[in-house]
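Shown below: start.csv, with CSV, C-alpha atoms.
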```csv
chain,number,residue,atom,x,y,z
A,23,MET,CA,137.6,-6.6,106.7
A,24,GLY,CA,138.4,-10.2,107.6
A,25,PHE,CA,140.7,-10.8,104.7
A,26,ARG,CA,143.5,-8.5,105.7
A,27,ALA,CA,143.7,-10.5,108.9
A,28,THR,CA,144.4,-13.8,107.1
A,29,ALA,CA,147.9,-13.1,106.0
A,30,ARG,CA,149.2,-16.0,108.1
A,31,PRO,CA,147.3,-19.0,106.7
A,32,GLY,CA,148.4,-21.3,109.5
A,33,GLY,CA,147.9,-18.8,112.3
A,34,ARG,CA,145.1,-18.5,114.8
A,35,SER,CA,143.5,-15.8,112.8
A,36,ALA,CA,143.1,-18.1,109.9
A,37,ARG,CA,141.7,-20.9,112.1
A,38,VAL,CA,139.2,-18.5,113.6
A,39,GLN,CA,138.1,-17.4,110.1
A,40,ARG,CA,137.8,-21.0,108.9
A,41,SER,CA,135.6,-22.1,111.9
A,42,VAL,CA,133.4,-18.9,111.7
A,43,HIS,CA,132.9,-19.3,108.0
A,44,ARG,CA,132.1,-23.0,108.4
A,45,ALA,CA,129.6,-22.1,111.2
A,46,VAL,CA,127.9,-19.6,108.8
A,47,ARG,CA,127.6,-22.2,106.0
A,48,GLU,CA,126.3,-24.9,108.4
A,49,LEU,CA,123.8,-22.6,110.1
A,50,GLU,CA,122.6,-21.2,106.8
A,51,ALA,CA,121.8,-24.7,105.7
A,52,GLU,CA,120.2,-25.7,109.0
A,53,VAL,CA,118.2,-22.7,110.2
A,54,GLY,CA,118.2,-20.4,107.1
A,55,ARG,CA,119.7,-17.0,106.5
A,56,GLU,CA,117.0,-15.1,108.3
A,57,ALA,CA,117.7,-16.8,111.6
A,58,LEU,CA,121.4,-16.2,111.5
A,59,THR,CA,122.8,-14.0,114.3
A,60,VAL,CA,126.4,-13.3,115.4
A,61,PRO,CA,125.9,-15.0,118.8
A,62,LEU,CA,124.5,-18.1,117.1
A,63,VAL,CA,127.5,-18.2,114.7
A,64,ALA,CA,130.0,-17.5,117.4
A,65,ALA,CA,128.6,-20.3,119.6
A,66,ARG,CA,128.8,-22.8,116.7
A,67,ALA,CA,132.3,-21.7,115.8
A,68,GLY,CA,133.4,-21.9,119.4
A,69,VAL,CA,134.5,-18.3,119.7
A,70,THR,CA,133.0,-15.4,121.7
A,71,PRO,CA,130.6,-13.0,119.9
A,72,SER,CA,133.1,-10.2,120.6
A,73,THR,CA,135.7,-12.0,118.6
A,74,VAL,CA,133.3,-11.9,115.6
A,75,TYR,CA,132.3,-8.3,116.2
A,76,ARG,CA,135.9,-7.2,116.6
A,77,ARG,CA,136.9,-9.0,113.4
A,78,TRP,CA,133.9,-8.5,111.1
A,79,GLY,CA,132.0,-5.6,112.5
A,80,ASP,CA,128.6,-7.1,112.0
A,81,LEU,CA,126.8,-10.0,110.4
A,82,ARG,CA,126.5,-8.3,107.0
A,83,GLU,CA,130.3,-7.9,106.7
A,84,LEU,CA,130.8,-11.5,107.8
A,85,LEU,CA,128.3,-12.7,105.2
A,86,SER,CA,130.2,-10.6,102.7
A,87,ASP,CA,133.5,-12.4,103.5
A,88,VAL,CA,131.8,-15.8,103.4
A,89,ALA,CA,130.3,-14.9,100.0
A,90,ILE,CA,133.7,-13.9,98.6
A,91,GLU,CA,135.2,-17.2,99.7
A,92,ARG,CA,132.5,-19.0,97.9
A,93,LEU,CA,133.0,-16.9,94.7
A,94,ARG,CA,136.7,-17.8,94.7
A,95,PRO,CA,137.4,-20.0,91.6
A,96,ASP,CA,138.4,-23.5,92.8
A,97,ALA,CA,140.3,-24.5,89.6
A,98,PRO,CA,142.3,-22.8,86.8
A,99,PRO,CA,140.4,-22.2,83.6
A,100,ALA,CA,140.0,-25.4,81.5
A,101,ASP,CA,142.3,-25.8,78.5
A,102,HIS,CA,140.3,-26.3,75.3
A,103,GLY,CA,143.3,-25.8,73.0
A,104,GLY,CA,142.6,-22.2,71.8
A,105,LEU,CA,141.9,-18.7,73.0
A,106,ARG,CA,138.4,-18.5,71.6
A,107,ALA,CA,137.3,-21.9,72.9
A,108,ASP,CA,138.9,-21.2,76.3
A,109,LEU,CA,137.2,-17.8,76.6
A,110,GLU,CA,133.8,-19.2,75.4
A,111,ALA,CA,134.0,-22.0,77.9
A,112,TRP,CA,135.1,-19.7,80.7
A,113,VAL,CA,132.4,-17.1,80.1
A,114,ALA,CA,129.7,-19.8,79.9
A,115,GLN,CA,130.8,-21.2,83.2
A,116,PHE,CA,131.1,-17.7,84.8
A,117,VAL,CA,127.5,-17.0,83.7
A,118,GLU,CA,126.3,-20.3,85.0
A,119,GLU,CA,127.8,-19.7,88.4
A,120,MET,CA,127.1,-16.0,88.8
A,121,SER,CA,123.5,-16.1,87.5
A,122,SER,CA,122.5,-19.0,89.7
A,123,ALA,CA,120.3,-18.2,92.8
A,124,ALA,CA,123.3,-18.8,95.0
A,125,GLY,CA,125.7,-16.8,92.8
A,126,ARG,CA,123.3,-13.8,92.8
A,127,MET,CA,123.1,-13.9,96.6
A,128,TYR,CA,126.9,-14.1,97.0
A,129,ILE,CA,127.3,-11.1,94.6
A,130,ARG,CA,124.8,-9.1,96.6
A,131,ASP,CA,126.4,-10.2,99.9
A,132,ALA,CA,129.9,-9.3,98.6
A,133,LEU,CA,128.7,-5.8,97.5
A,134,LEU,CA,126.4,-4.9,100.4
A,135,GLY,CA,128.4,-6.0,103.4
A,136,ASP,CA,131.4,-4.2,102.4
A,137,PRO,CA,131.3,-0.4,102.4
A,138,GLU,CA,135.0,-0.2,101.6
A,139,GLN,CA,134.4,-2.3,98.5
A,140,GLY,CA,137.3,-4.6,99.3
A,141,ASN,CA,135.3,-7.7,98.7
A,142,ALA,CA,133.7,-6.4,95.5
A,143,VAL,CA,137.3,-5.7,94.2
A,144,ARG,CA,138.3,-9.2,95.2
A,145,CYS,CA,135.4,-10.6,93.3
A,146,CYS,CA,136.7,-8.8,90.1
A,147,ASP,CA,140.3,-9.9,90.8
A,148,TYR,CA,139.2,-13.5,90.7
A,149,ALA,CA,137.8,-13.0,87.2
A,150,ALA,CA,140.9,-11.0,86.1
A,151,GLU,CA,143.2,-13.7,87.4
A,152,GLN,CA,141.4,-16.4,85.5
A,153,LEU,CA,141.3,-14.3,82.2
A,154,GLU,CA,145.0,-13.6,82.7
A,155,ALA,CA,145.7,-17.3,82.9
A,156,VAL,CA,143.8,-18.0,79.7
A,157,CYS,CA,145.7,-15.2,77.9
A,158,VAL,CA,149.1,-16.3,79.2
A,159,ARG,CA,148.3,-19.8,77.9
A,160,ALA,CA,147.2,-18.5,74.5
A,161,ALA,CA,150.3,-16.3,74.2
A,162,GLY,CA,152.3,-19.4,74.8
A,163,ARG,CA,150.6,-20.9,71.8
A,164,GLY,CA,151.6,-17.9,69.8
A,165,GLU,CA,148.1,-16.5,69.7
A,166,GLY,CA,147.4,-12.8,69.7
A,167,VAL,CA,145.7,-11.9,73.0
A,168,PRO,CA,143.6,-8.9,74.1
A,169,GLY,CA,144.4,-7.2,77.4
A,170,VAL,CA,142.7,-8.3,80.6
A,171,GLU,CA,141.2,-4.9,81.3
A,172,SER,CA,139.5,-5.0,77.9
A,173,LEU,CA,138.3,-8.6,78.6
A,174,LEU,CA,136.8,-7.3,81.8
A,175,ASP,CA,135.0,-4.6,79.9
A,176,VAL,CA,133.7,-6.8,77.0
A,177,LEU,CA,133.1,-10.2,78.7
A,178,VAL,CA,132.7,-9.7,82.5
A,179,ALA,CA,131.0,-6.3,82.8
A,180,PRO,CA,128.0,-7.0,80.6
A,181,VAL,CA,127.3,-10.3,82.4
A,182,MET,CA,127.6,-8.8,85.8
A,183,TYR,CA,125.6,-5.7,84.8
A,184,ARG,CA,122.8,-7.7,83.4
A,185,ILE,CA,122.7,-10.0,86.5
A,186,LEU,CA,122.4,-6.9,88.7
A,187,PHE,CA,120.5,-4.4,86.6
A,188,ARG,CA,118.8,-6.0,83.6
A,189,PRO,CA,117.3,-9.5,83.8
A,190,SER,CA,118.4,-11.1,80.5
A,191,GLU,CA,118.7,-14.5,79.0
A,192,LEU,CA,122.5,-14.9,79.0
A,193,SER,CA,122.5,-17.7,76.3
A,194,GLY,CA,125.5,-19.3,74.9
A,195,ALA,CA,124.9,-17.4,71.7
A,196,TYR,CA,125.0,-14.2,73.7
A,197,THR,CA,128.2,-15.0,75.5
A,198,ASP,CA,129.9,-16.4,72.4
A,199,GLY,CA,129.0,-13.1,70.8
A,200,LEU,CA,130.8,-11.3,73.6
A,201,VAL,CA,133.9,-13.4,73.0
A,202,ALA,CA,133.7,-12.7,69.3
A,203,ALA,CA,133.6,-8.9,70.1
A,204,ALA,CA,136.5,-9.3,72.5
A,205,LEU,CA,138.6,-11.1,69.9
A,206,GLY,CA,137.5,-9.0,67.0
A,207,ALA,CA,140.0,-6.3,68.1
A,208,ALA,CA,142.9,-8.6,69.0
A,209,ALA,CA,142.6,-11.7,66.8
A,210,PRO,CA,141.6,-12.6,63.3
A,211,PRO,CA,138.0,-13.5,62.8
A,212,PRO,CA,137.1,-17.2,63.1
A,213,PRO,CA,137.5,-19.2,59.8
A,214,PRO,CA,134.3,-19.3,57.7
A,215,GLY,CA,131.8,-22.0,58.8
A,216,ARG,CA,133.0,-22.1,62.3
B,12,MET,CA,107.8,-1.2,95.8
B,13,GLY,CA,106.7,2.4,96.0
B,14,PHE,CA,106.8,2.9,92.3
B,15,ARG,CA,104.0,0.7,91.3
B,16,ALA,CA,101.9,2.7,93.7
B,17,THR,CA,102.4,6.0,91.9
B,18,ALA,CA,100.4,5.3,88.7
B,19,ARG,CA,98.1,8.1,89.6
B,20,PRO,CA,100.5,11.1,89.8
B,21,GLY,CA,97.8,13.3,91.3
B,22,GLY,CA,96.5,10.8,93.7
B,23,ARG,CA,97.0,10.5,97.5
B,24,SER,CA,99.5,7.8,97.0
B,25,ALA,CA,101.7,10.1,94.9
B,26,ARG,CA,101.3,12.9,97.5
B,27,VAL,CA,102.4,10.5,100.2
B,28,GLN,CA,105.4,9.4,98.2
B,29,ARG,CA,106.5,13.0,97.5
B,30,SER,CA,106.2,14.1,101.1
B,31,VAL,CA,108.0,11.0,102.4
B,32,HIS,CA,110.8,11.3,99.9
B,33,ARG,CA,111.1,15.0,100.7
B,34,ALA,CA,111.3,14.1,104.4
B,35,VAL,CA,114.1,11.6,103.7
B,36,ARG,CA,116.1,14.1,101.7
B,37,GLU,CA,115.7,16.9,104.3
B,38,LEU,CA,116.5,14.7,107.3
B,39,GLU,CA,119.5,13.1,105.5
B,40,ALA,CA,120.9,16.7,105.1
B,41,GLU,CA,119.9,17.7,108.7
B,42,VAL,CA,120.8,14.7,110.9
B,43,GLY,CA,122.7,12.4,108.5
B,44,ARG,CA,121.8,9.0,107.1
B,45,GLU,CA,122.9,7.1,110.2
B,46,ALA,CA,120.2,8.9,112.3
B,47,LEU,CA,117.4,8.2,109.9
B,48,THR,CA,114.5,6.1,111.3
B,49,VAL,CA,111.1,5.3,109.9
B,50,PRO,CA,109.3,7.1,112.8
B,51,LEU,CA,111.5,10.2,112.2
B,52,VAL,CA,110.7,10.2,108.5
B,53,ALA,CA,107.0,9.6,109.0
B,54,ALA,CA,106.8,12.5,111.6
B,55,ARG,CA,108.5,14.9,109.2
B,56,ALA,CA,106.3,13.8,106.3
B,57,GLY,CA,103.1,14.1,108.4
B,58,VAL,CA,102.1,10.4,108.0
B,59,THR,CA,102.0,7.5,110.4
B,60,PRO,CA,104.9,5.1,110.6
B,61,SER,CA,102.6,2.3,109.6
B,62,THR,CA,101.9,4.1,106.4
B,63,VAL,CA,105.6,4.0,105.6
B,64,TYR,CA,106.0,0.4,106.7
B,65,ARG,CA,102.9,-0.7,104.7
B,66,ARG,CA,104.2,1.0,101.6
B,67,TRP,CA,108.0,0.5,101.7
B,68,GLY,CA,108.5,-2.4,104.1
B,69,ASP,CA,111.5,-0.9,105.8
B,70,LEU,CA,113.9,2.0,105.8
B,71,ARG,CA,116.3,0.3,103.3
B,72,GLU,CA,113.5,-0.1,100.7
B,73,LEU,CA,112.5,3.5,101.2
B,74,LEU,CA,116.1,4.7,100.7
B,75,SER,CA,116.2,2.5,97.6
B,76,ASP,CA,113.1,4.3,96.2
B,77,VAL,CA,114.6,7.7,97.1
B,78,ALA,CA,117.8,6.8,95.4
B,79,ILE,CA,116.1,5.7,92.2
B,80,GLU,CA,114.2,9.0,92.1
B,81,ARG,CA,117.6,10.8,92.3
B,82,LEU,CA,119.1,8.7,89.6
B,83,ARG,CA,116.3,9.6,87.2
B,84,PRO,CA,117.6,11.8,84.4
B,85,ASP,CA,116.2,15.3,84.6
B,86,ALA,CA,116.7,16.2,80.9
B,87,PRO,CA,116.8,14.5,77.5
B,88,PRO,CA,120.4,13.8,76.3
B,89,ALA,CA,122.1,16.9,74.8
B,90,ASP,CA,122.2,17.3,71.0
B,91,HIS,CA,125.8,17.7,69.8
B,92,GLY,CA,124.9,17.2,66.1
B,93,GLY,CA,126.1,13.7,65.6
B,94,LEU,CA,125.9,10.2,67.1
B,95,ARG,CA,129.5,9.9,68.2
B,96,ALA,CA,129.5,13.3,69.8
B,97,ASP,CA,126.2,12.7,71.5
B,98,LEU,CA,127.3,9.3,72.9
B,99,GLU,CA,130.7,10.7,74.0
B,100,ALA,CA,129.0,13.5,75.9
B,101,TRP,CA,126.3,11.2,77.3
B,102,VAL,CA,128.8,8.7,78.7
B,103,ALA,CA,131.0,11.4,80.1
B,104,GLN,CA,128.1,12.8,82.0
B,105,PHE,CA,126.9,9.4,83.1
B,106,VAL,CA,130.3,8.6,84.5
B,107,GLU,CA,130.5,12.0,86.3
B,108,GLU,CA,127.1,11.4,88.0
B,109,MET,CA,127.4,7.7,88.8
B,110,SER,CA,131.0,7.8,90.0
B,111,SER,CA,130.4,10.8,92.4
B,112,ALA,CA,130.2,10.0,96.1
B,113,ALA,CA,126.4,10.6,95.9
B,114,GLY,CA,126.0,8.6,92.7
B,115,ARG,CA,127.8,5.6,94.2
B,116,MET,CA,125.6,5.8,97.3
B,117,TYR,CA,122.4,5.9,95.2
B,118,ILE,CA,123.5,3.0,93.1
B,119,ARG,CA,124.2,0.9,96.3
B,120,ASP,CA,120.9,2.0,97.8
B,121,ALA,CA,119.0,1.1,94.7
B,122,LEU,CA,120.6,-2.3,94.6
B,123,LEU,CA,120.6,-3.1,98.3
B,124,GLY,CA,117.1,-2.1,99.4
B,125,ASP,CA,115.5,-4.0,96.7
B,126,PRO,CA,115.4,-7.8,96.9
B,127,GLU,CA,113.1,-8.0,93.8
B,128,GLN,CA,115.6,-5.8,91.8
B,129,GLY,CA,112.8,-3.6,90.6
B,130,ASN,CA,114.8,-0.4,91.4
B,131,ALA,CA,118.0,-1.8,89.8
B,132,VAL,CA,116.0,-2.6,86.7
B,133,ARG,CA,114.6,1.0,86.7
B,134,CYS,CA,118.1,2.4,87.0
B,135,CYS,CA,119.1,0.5,83.8
B,136,ASP,CA,115.9,1.6,82.1
B,137,TYR,CA,116.8,5.2,82.6
B,138,ALA,CA,120.1,4.7,80.7
B,139,ALA,CA,118.4,2.6,78.0
B,140,GLU,CA,115.8,5.4,77.5
B,141,GLN,CA,118.5,8.0,77.1
B,142,LEU,CA,120.5,5.9,74.7
B,143,GLU,CA,117.3,5.2,72.7
B,144,ALA,CA,116.6,8.9,72.4
B,145,VAL,CA,120.2,9.5,71.2
B,146,CYS,CA,119.8,6.7,68.6
B,147,VAL,CA,116.4,7.8,67.4
B,148,ARG,CA,117.8,11.3,66.8
B,149,ALA,CA,120.8,10.0,65.0
B,150,ALA,CA,118.7,7.7,62.8
B,151,GLY,CA,116.6,10.8,62.0
B,152,ARG,CA,119.9,12.4,60.7
B,153,GLY,CA,120.4,9.3,58.5
B,154,GLU,CA,123.2,7.9,60.7
B,155,GLY,CA,123.6,4.1,61.2
B,156,VAL,CA,122.9,3.3,64.8
B,157,PRO,CA,123.8,0.4,67.1
B,158,GLY,CA,121.1,-1.4,69.1
B,159,VAL,CA,120.4,-0.1,72.6
B,160,GLU,CA,121.2,-3.5,74.1
B,161,SER,CA,124.6,-3.4,72.6
B,162,LEU,CA,125.1,0.1,73.8
B,163,LEU,CA,124.3,-1.1,77.3
B,164,ASP,CA,126.9,-3.8,77.0
B,165,VAL,CA,129.6,-1.7,75.5
B,166,LEU,CA,129.1,1.7,77.2
B,167,VAL,CA,127.1,1.4,80.4
B,168,ALA,CA,128.1,-2.1,81.7
B,169,PRO,CA,131.9,-1.4,81.9
B,170,VAL,CA,131.3,1.9,83.7
B,171,MET,CA,128.9,0.5,86.2
B,172,TYR,CA,131.0,-2.6,86.7
B,173,ARG,CA,134.1,-0.6,87.4
B,174,ILE,CA,132.3,1.7,89.8
B,175,LEU,CA,131.1,-1.3,91.8
B,176,PHE,CA,133.9,-3.8,91.4
B,177,ARG,CA,137.1,-2.3,90.1
B,178,PRO,CA,138.2,1.2,91.1
B,179,SER,CA,139.3,2.7,87.9
B,180,GLU,CA,140.1,6.1,86.5
B,181,LEU,CA,137.2,6.6,84.1
B,182,SER,CA,138.8,9.2,82.0
B,183,GLY,CA,137.4,10.9,78.9
B,184,ALA,CA,140.0,8.9,76.8
B,185,TYR,CA,138.6,5.7,78.3
B,186,THR,CA,134.9,6.6,77.7
B,187,ASP,CA,135.6,7.9,74.2
B,188,GLY,CA,137.3,4.5,73.6
B,189,LEU,CA,134.1,2.8,74.7
B,190,VAL,CA,132.1,4.9,72.2
B,191,ALA,CA,134.5,4.1,69.4
B,192,ALA,CA,134.1,0.4,70.2
B,193,ALA,CA,130.3,0.7,70.2
B,194,LEU,CA,130.3,2.5,66.9
B,195,GLY,CA,133.0,0.3,65.3
B,196,ALA,CA,130.5,-2.4,64.8
B,197,ALA,CA,127.5,-0.4,63.7
B,198,ALA,CA,128.8,2.7,62.0
B,199,PRO,CA,131.6,3.7,59.6
B,200,PRO,CA,134.8,4.8,61.3
B,201,PRO,CA,135.0,8.6,61.9
B,202,PRO,CA,136.5,10.6,59.1
B,203,PRO,CA,140.3,11.1,59.3
B,204,GLY,CA,141.4,13.9,61.6
B,205,ARG,CA,138.2,13.9,63.6
```

Will you turn the file into structure tokens for me?
Amino acid sequence: MGFRATARPGGRSARVQRSVHRAVRELEAEVGREALTVPLVAARAGVTPSTVYRRWGDLRELLSDVAIERLRPDAPPADHGGLRADLEAWVAQFVEEMSSAAGRMYIRDALLGDPEQGNAVRCCDYAAEQLEAVCVRAAGRGEGVPGVESLLDVLVAPVMYRILFRPSELSGAYTDGLVAAALGAAAPPPPPGR
Amino acid sequence: MGFRATARPGGRSARVQRSVHRAVRELEAEVGREALTVPLVAARAGVTPSTVYRRWGDLRELLSDVAIERLRPDAPPADHGGLRADLEAWVAQFVEEMSSAAGRMYIRDALLGDPEQGNAVRCCDYAAEQLEAVCVRAAGRGEGVPGVESLLDVLVAPVMYRILFRPSELSGAYTDGLVAAALGAAAPPPPPGR
């Protein structure tokens, strides 16, 4: 698991991870995923293959770490002034990213290259952290907020389940409906006509 | 995809699938998964390796087909006399099977060995068919029933999501709560004291 080795962001281990991850991204774009090999990645990253094998085990685990880096949110959830609007916008963006061809590939990479599930758990933690931030902001406005675990069940789980197991049109109407279900328990229904 | 090839259950193609699947199960038990190879499986099944490669592509796809066979429900959902009791019992059994070490391995096999997602979709279809049977039976009793798609979102998705992405204690209290949420929208609340 590469991640446990990156506790010291400034250290050599972090520099090795950055250069190896960059090499994977560059080579994927240049020669395509099928042509990727550990020696090829190591040469581009300027490290020995044994460094890669020692740290990541094999190419699949390395791809899993690269995928999880790419799935990491790059910004806090946007503020639309209210819990419902924030959740609707967050889920819509989550669906857009995760259901894209790249998103689906990263989800599969994160799951498959990672027998200990560490990267899959990290993938879920990203969503939980974003939802927590939305709820903390809403609570600060005096809004009633559902728990993050319930938001994972009602908002995130159906989206990820359908992406992996049930090809579905994840429309805005569908995701807004998930948000309405999530808030039904914790917040008053939206005003008529909304 | 082996499954499309089994339209004629009595045909040669079905016999080949049965013998190859049996060979995988036997050899997995005898020599362990790590030692499985296509030539080994083919020899045990009495077919040529090229038959296996032609039909399944590679060992991973074959393991994915074997996994999906093992995930296929072997009985209709038990009848406990009411929708809530039937759903609570079905989800509890679903959790028991899917969260077991074997269940987790079959889910991963079904997902991983199957770039076209055909086996993952089949895995979801099994759950949908069982939930449909529970709802048809309940409607026959005159009970109000939720839609199967909503049951997949509220009951199945959280369980599968947590198994894959968020290690959780999937207790009976948790799964009964999922059923309560599923019925809250579609059915009257349970009578007091139930």

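Among B:Val27, B:Met109, B:Leu82, B:Cys135, the residue with the shortest atom-to-atom distance to chain A, counting all atoms listed in the file, is B:Cys135.
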
Residues of chain B were defined as contacting chain A if any atom lay at most 12 Å from it, counting all atoms listed in the file; please report them as a PDB file with C-alpha atoms, keeping the file's coordinate frame.
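Once everything was written out, this is result12.pdb:
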```pdb
ATOM      1  CA  ARG B  71     116.300   0.300 103.300  1.00  0.00           C
ATOM      2  CA  ARG B 115     127.800   5.600  94.200  1.00  0.00           C
ATOM      3  CA  MET B 116     125.600   5.800  97.300  1.00  0.00           C
ATOM      4  CA  ILE B 118     123.500   3.000  93.100  1.00  0.00           C
ATOM      5  CA  ARG B 119     124.200   0.900  96.300  1.00  0.00           C
ATOM      6  CA  ASP B 120     120.900   2.000  97.800  1.00  0.00           C
ATOM      7  CA  ALA B 121     119.000   1.100  94.700  1.00  0.00           C
ATOM      8  CA  LEU B 122     120.600  -2.300  94.600  1.00  0.00           C
ATOM      9  CA  LEU B 123     120.600  -3.100  98.300  1.00  0.00           C
ATOM     10  CA  GLY B 124     117.100  -2.100  99.400  1.00  0.00           C
ATOM     11  CA  ASP B 125     115.500  -4.000  96.700  1.00  0.00           C
ATOM     12  CA  PRO B 126     115.400  -7.800  96.900  1.00  0.00           C
ATOM     13  CA  GLU B 127     113.100  -8.000  93.800  1.00  0.00           C
ATOM     14  CA  GLN B 128     115.600  -5.800  91.800  1.00  0.00           C
ATOM     15  CA  GLY B 129     112.800  -3.600  90.600  1.00  0.00           C
ATOM     16  CA  ASN B 130     114.800  -0.400  91.400  1.00  0.00           C
ATOM     17  CA  ALA B 131     118.000  -1.800  89.800  1.00  0.00           C
ATOM     18  CA  VAL B 132     116.000  -2.600  86.700  1.00  0.00           C
ATOM     19  CA  ARG B 133     114.600   1.000  86.700  1.00  0.00           C
ATOM     20  CA  CYS B 134     118.100   2.400  87.000  1.00  0.00           C
ATOM     21  CA  CYS B 135     119.100   0.500  83.800  1.00  0.00           C
ATOM     22  CA  ASP B 136     115.900   1.600  82.100  1.00  0.00           C
ATOM     23  CA  TYR B 137     116.800   5.200  82.600  1.00  0.00           C
ATOM     24  CA  ALA B 138     120.100   4.700  80.700  1.00  0.00           C
ATOM     25  CA  ALA B 139     118.400   2.600  78.000  1.00  0.00           C
ATOM     26  CA  GLU B 160     121.200  -3.500  74.100  1.00  0.00           C
ATOM     27  CA  SER B 161     124.600  -3.400  72.600  1.00  0.00           C
ATOM     28  CA  LEU B 162     125.100   0.100  73.800  1.00  0.00           C
ATOM     29  CA  LEU B 163     124.300  -1.100  77.300  1.00  0.00           C
ATOM     30  CA  ASP B 164     126.900  -3.800  77.000  1.00  0.00           C
ATOM     31  CA  VAL B 165     129.600  -1.700  75.500  1.00  0.00           C
ATOM     32  CA  LEU B 166     129.100   1.700  77.200  1.00  0.00           C
ATOM     33  CA  VAL B 167     127.100   1.400  80.400  1.00  0.00           C
ATOM     34  CA  ALA B 168     128.100  -2.100  81.700  1.00  0.00           C
ATOM     35  CA  PRO B 169     131.900  -1.400  81.900  1.00  0.00           C
ATOM     36  CA  VAL B 170     131.300   1.900  83.700  1.00  0.00           C
ATOM     37  CA  MET B 171     128.900   0.500  86.200  1.00  0.00           C
ATOM     38  CA  TYR B 172     131.000  -2.600  86.700  1.00  0.00           C
ATOM     39  CA  ARG B 173     134.100  -0.600  87.400  1.00  0.00           C
ATOM     40  CA  ILE B 174     132.300   1.700  89.800  1.00  0.00           C
ATOM     41  CA  LEU B 175     131.100  -1.300  91.800  1.00  0.00           C
ATOM     42  CA  PHE B 176     133.900  -3.800  91.400  1.00  0.00           C
ATOM     43  CA  ARG B 177     137.100  -2.300  90.100  1.00  0.00           C
ATOM     44  CA  PRO B 178     138.200   1.200  91.100  1.00  0.00           C
ATOM     45  CA  SER B 179     139.300   2.700  87.900  1.00  0.00           C
ATOM     46  CA  TYR B 185     138.600   5.700  78.300  1.00  0.00           C
ATOM     47  CA  THR B 186     134.900   6.600  77.700  1.00  0.00           C
ATOM     48  CA  GLY B 188     137.300   4.500  73.600  1.00  0.00           C
ATOM     49  CA  LEU B 189     134.100   2.800  74.700  1.00  0.00           C
ATOM     50  CA  ALA B 191     134.500   4.100  69.400  1.00  0.00           C
ATOM     51  CA  ALA B 192     134.100   0.400  70.200  1.00  0.00           C
ATOM     52  CA  ALA B 193     130.300   0.700  70.200  1.00  0.00           C
ATOM     53  CA  GLY B 195     133.000   0.300  65.300  1.00  0.00           C
ATOM     54  CA  ALA B 196     130.500  -2.400  64.800  1.00  0.00           C
TER      55      ALA B 196
END
```

For region 94-134 of chain A versus region 155-159 of chain A, which residues have an atom no more than 12 Å away, and what is each residue's nearest atom pair and distance in Å rounded to one decimal, using only C-alpha atoms, chain-then-number order, as JSON lines?
```
{"residue": "A:Ala97", "atom": "CA", "partner": "A:Ala155", "partner_atom": "CA", "distance": 11.2}
{"residue": "A:Pro98", "atom": "CA", "partner": "A:Ala155", "partner_atom": "CA", "distance": 7.6}
{"residue": "A:Pro99", "atom": "CA", "partner": "A:Val156", "partner_atom": "CA", "distance": 6.7}
{"residue": "A:Ala100", "atom": "CA", "partner": "A:Val156", "partner_atom": "CA", "distance": 8.5}
{"residue": "A:Asp101", "atom": "CA", "partner": "A:Val156", "partner_atom": "CA", "distance": 8.0}
{"residue": "A:His102", "atom": "CA", "partner": "A:Val156", "partner_atom": "CA", "distance": 10.0}
{"residue": "A:Gly103", "atom": "CA", "partner": "A:Arg159", "partner_atom": "CA", "distance": 9.2}
{"residue": "A:Gly104", "atom": "CA", "partner": "A:Arg159", "partner_atom": "CA", "distance": 8.7}
{"residue": "A:Leu105", "atom": "CA", "partner": "A:Val156", "partner_atom": "CA", "distance": 7.0}
{"residue": "A:Arg106", "atom": "CA", "partner": "A:Val156", "partner_atom": "CA", "distance": 9.7}
{"residue": "A:Ala107", "atom": "CA", "partner": "A:Val156", "partner_atom": "CA", "distance": 10.2}
{"residue": "A:Asp108", "atom": "CA", "partner": "A:Val156", "partner_atom": "CA", "distance": 6.8}
{"residue": "A:Leu109", "atom": "CA", "partner": "A:Val156", "partner_atom": "CA", "distance": 7.3}
{"residue": "A:Glu110", "atom": "CA", "partner": "A:Val156", "partner_atom": "CA", "distance": 11.0}
{"residue": "A:Ala111", "atom": "CA", "partner": "A:Val156", "partner_atom": "CA", "distance": 10.7}
{"residue": "A:Trp112", "atom": "CA", "partner": "A:Val156", "partner_atom": "CA", "distance": 8.9}
{"residue": "A:Val113", "atom": "CA", "partner": "A:Val156", "partner_atom": "CA", "distance": 11.4}
```

Figure out the distance between CA of Val106 (chain B) and CA of Glu154 (chain A), please, to one decimal in Å.
26.7 Å

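Atom to atom, CA of Ser41 (chain A) and CA of Ala67 (chain A) stand 5.1 Å apart.
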
Selection: 12 Å around Val58 (chain B), all atoms listed in the file, excl. self and same-chain fewer than 2 positions, as JSON, numbers by chain:
{"B": [23, 24, 26, 27, 28, 29, 30, 31, 32, 34, 49, 50, 51, 52, 53, 54, 55, 56, 60, 61, 62, 63, 64, 65, 66]}

Take CA of Arg44 (chain A) and CA of Ser86 (chain A) and report the distance between them in Å, one decimal.
13.8 Å

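Nearest residue to Leu49 (chain A) among A:Leu205, A:Ala114, A:Ala195, A:Leu85 is A:Leu85, counting all atoms listed in the file.
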